[in-house]
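Only one structure is covered here, and it is reproduced in the block below.
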Amino acid sequence: MALRSYLDGKLLAEVYGTPPPRILALHGWGRRGNDFAESLGALSTIAPDLPGFGATPPPGEAIGAQGYADSIAGLLEEFDVPPVVVGHSFGGRVALCLAATHPRLVGSVVLTGVPLVRLAPRRGPSWGYRLARMANRAGLYPDDRMERLRHRRGSADYQAANGVMRDVLVKVVNETYEDQLRSIDMPVHLLWGADDGEVPVAVAHTAARLLADSDLRVLPGVGHFVPSEAPEELRATVEGTLQ
């Protein structure tokens, strides 16, 4: 299926089902809108390639999840009625910020595998890394060696990211969303893989306690990539919110 252009060509998206659209689906980090082809392809869905992924150009500067939400908010005008916003992983960060910022334009939210809250304090860099970074900034430690240190310390996503997208990643992984969770009163459906090794189910339980109107379903034998590992369950959850 060909991509459709939105927001004056700034955003490219997959469009599924029969118009008018009723679902906005936001993919995870390093992924793209066609992640939802199997789960939501039969439903009336707009699934954009978020900025910096797939066919959509990256943002001009490092922005966090709220910046992403602001950059795609114009898509909400494509819906005759407030849509169900589906967010997987990184896309769920954006979906939550979109719902918190535009509560009258979002009908409900479905989140899966989203790092919404931090269960333990984040570990800072080692003293050795900090010293190397300080020396690099002072011109005493070569850039190429500093880059190798960053790669050894960074996640696979960090190692794969380049330019502004690496700065975006650093920004978003340090964010948590307790304020957004507390602020929204629309229905939020949490669909989680029991074996999610990236965002454990405990995150979903903690988030559910902060939400005014939520339900949580845990899928046995399913990991982090619910859209591809459990497409029928995701479709059923979304269809239930449309009724």
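Following the order of the structure tokens, chains are lettered A, B, ..., residues in each are numbered from 1, and ligands are numbered from 1.
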With a distance cut-off of 12 Å and only C-alpha atoms, select the neighbouring residues of Asp196 in chain A, excluding the residue or stretch itself and same-chain residues fewer than 4 positions from it, and output the selection as a PyMOL selection string. chain A and resi 89+112-115+191-192+200-204+218-226+229
If we count only C-alpha atoms, what is near Pro20 in chain A at a cut-off of 9 Å, once residues fewer than 6 positions away on the same chain are taken out, given as a list in words? Ser44, Thr45, Glu78, Phe79 and Asp80 of chain A
Looking only at helix (DSSP H, G or I) from DSSP on the backbone, list the matching residues of range 38-232 of chain A as number ranges by chain. A: 38-40, 65-78, 90-101, 103-105, 127-137, 143-153, 156-160, 163-173, 178-183, 201-210, 226-229, 231-232
Generate the output file for the selected residues, C-alpha atoms, as a compact mmCIF listing (two decimals), in the first residue's frame.
# COMPACT_ATOMS: atom_id res chain seq x y z
CA GLU A 38 -1.41 -7.29 10.55
CA SER A 39 -3.22 -6.10 13.66
CA LEU A 40 -5.10 -3.04 12.38
CA ALA A 65 7.68 12.81 23.45
CA GLN A 66 5.74 16.04 23.92
CA GLY A 67 7.56 17.57 20.97
CA TYR A 68 6.59 14.56 18.88
CA ALA A 69 2.99 14.90 20.03
CA ASP A 70 3.00 18.56 19.04
CA SER A 71 4.50 17.74 15.64
CA ILE A 72 1.75 15.27 14.71
CA ALA A 73 -1.20 16.93 16.49
CA GLY A 74 -2.47 18.23 13.15
CA LEU A 75 -3.34 14.64 12.21
CA LEU A 76 -6.23 14.78 14.67
CA GLU A 77 -8.01 17.09 12.24
CA GLU A 78 -8.28 14.13 9.83
CA PHE A 90 8.05 4.89 21.99
CA GLY A 91 4.80 5.60 20.14
CA GLY A 92 2.95 5.12 23.41
CA ARG A 93 4.96 7.92 24.98
CA VAL A 94 3.79 10.16 22.14
CA ALA A 95 0.20 8.87 22.36
CA LEU A 96 -0.01 9.67 26.08
CA CYS A 97 1.33 13.19 25.57
CA LEU A 98 -1.08 13.70 22.68
CA ALA A 99 -4.03 12.64 24.85
CA ALA A 100 -2.92 14.83 27.76
CA THR A 101 -2.46 17.89 25.54
CA PRO A 103 -8.10 15.62 25.61
CA ARG A 104 -11.14 16.75 23.60
CA LEU A 105 -9.65 15.44 20.35
CA TRP A 127 33.29 7.93 37.09
CA GLY A 128 35.60 6.71 34.34
CA TYR A 129 33.08 7.63 31.68
CA ARG A 130 32.43 11.03 33.29
CA LEU A 131 36.14 11.81 33.39
CA ALA A 132 36.55 10.81 29.74
CA ARG A 133 33.59 13.01 28.80
CA MET A 134 35.01 15.98 30.69
CA ALA A 135 38.40 15.47 29.05
CA ASN A 136 36.77 15.22 25.64
CA ARG A 137 34.91 18.48 26.14
CA ASP A 143 36.55 12.32 19.62
CA ASP A 144 36.97 8.90 18.03
CA ARG A 145 37.84 7.26 21.36
CA MET A 146 34.93 9.05 23.04
CA GLU A 147 32.60 7.76 20.36
CA ARG A 148 33.81 4.20 20.99
CA LEU A 149 33.11 4.65 24.69
CA ARG A 150 29.59 5.87 23.93
CA HIS A 151 28.96 2.85 21.73
CA ARG A 152 30.16 0.41 24.37
CA ARG A 153 27.98 2.02 27.00
CA ALA A 156 21.47 -1.15 20.58
CA ASP A 157 19.03 1.68 19.78
CA TYR A 158 21.65 4.25 20.75
CA GLN A 159 24.30 2.58 18.62
CA ALA A 160 21.95 2.48 15.61
CA GLY A 163 22.66 12.75 14.31
CA VAL A 164 19.63 14.39 15.85
CA MET A 165 17.91 11.03 16.40
CA ARG A 166 20.59 10.02 18.88
CA ASP A 167 19.91 13.23 20.80
CA VAL A 168 16.16 12.53 20.63
CA LEU A 169 16.75 9.06 22.08
CA VAL A 170 18.85 10.39 24.95
CA LYS A 171 16.11 12.90 25.70
CA VAL A 172 13.16 10.52 25.70
CA VAL A 173 14.79 7.70 27.68
CA GLU A 178 3.43 10.49 35.93
CA ASP A 179 1.93 13.97 35.40
CA GLN A 180 0.34 12.98 32.08
CA LEU A 181 -1.02 9.75 33.56
CA ARG A 182 -2.67 11.65 36.39
CA SER A 183 -4.07 14.36 34.13
CA VAL A 201 4.42 -5.66 33.47
CA ALA A 202 5.17 -3.90 36.76
CA VAL A 203 5.35 -0.66 34.77
CA ALA A 204 1.80 -1.21 33.52
CA HIS A 205 0.53 -1.95 37.04
CA THR A 206 2.14 1.24 38.36
CA ALA A 207 0.71 3.30 35.49
CA ALA A 208 -2.77 1.83 35.99
CA ARG A 209 -2.80 3.08 39.59
CA LEU A 210 -2.17 6.64 38.37
CA VAL A 226 2.60 -6.99 20.87
CA PRO A 227 1.58 -5.62 17.41
CA SER A 228 3.42 -8.48 15.71
CA GLU A 229 3.41 -11.15 18.44
CA PRO A 231 -2.00 -8.96 16.50
CA GLU A 232 -5.40 -10.56 17.13
So how far away is CA of Gly9 in chain A from CA of Arg22 in chain A, in Å? 21.3 Å
Identify which of the residues A:Pro19, A:Gly33, A:Gly107, A:Pro51 lies closest to Val188 in chain A, counting only C-alpha atoms when measuring atom-to-atom distances.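 Between A:Pro19, A:Gly33, A:Gly107, A:Pro51, the residue approaching Val188 in chain A most closely is A:Gly107.
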Top pick for closest residue to Leu211 in chain A, considering A:Asp185, A:Pro57, A:Leu242, A:Ser5 and counting only C-alpha atoms: A:Asp185
Per-residue DSSP, range 76-199 of chain A, filtered to strand (DSSP E or B), as a PyMOL selection string: chain A and resi 84-88+108-112+188-193
Kindly indicate which residue among A:Arg32, A:Arg4, A:Arg235, A:His88 lies nearest to Gly193 in chain A, using only C-alpha atoms for the distances. A:His88
Closest of A:Pro21, A:Gly28, A:Leu111, A:Leu116 to Gly41 in chain A - atom-to-atom distances counting only C-alpha atoms: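 So, comparing all the options, the nearest one is A:Pro21.
Distance check against His102 in chain A using only C-alpha atoms: of A:Gly240, A:Gly64, A:Pro48, A:Pro83, the minimum falls on A:Pro83.
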If you measure from CA of Val15 in chain A to CA of Ala230 in chain A, what distance in Å do you get, rounded to one decimal? 20.7 Å
Separating CA of Thr241 in chain A from CA of Ala25 in chain A, to the nearest tenth of an Å, is a gap of 13.8 Å
Using only C-alpha atoms, can you tell me which of A:Val199, A:Ile184, A:Leu24, A:Leu234 comes closest to Ala212 in chain A?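 Closest candidate: A:Ile184.
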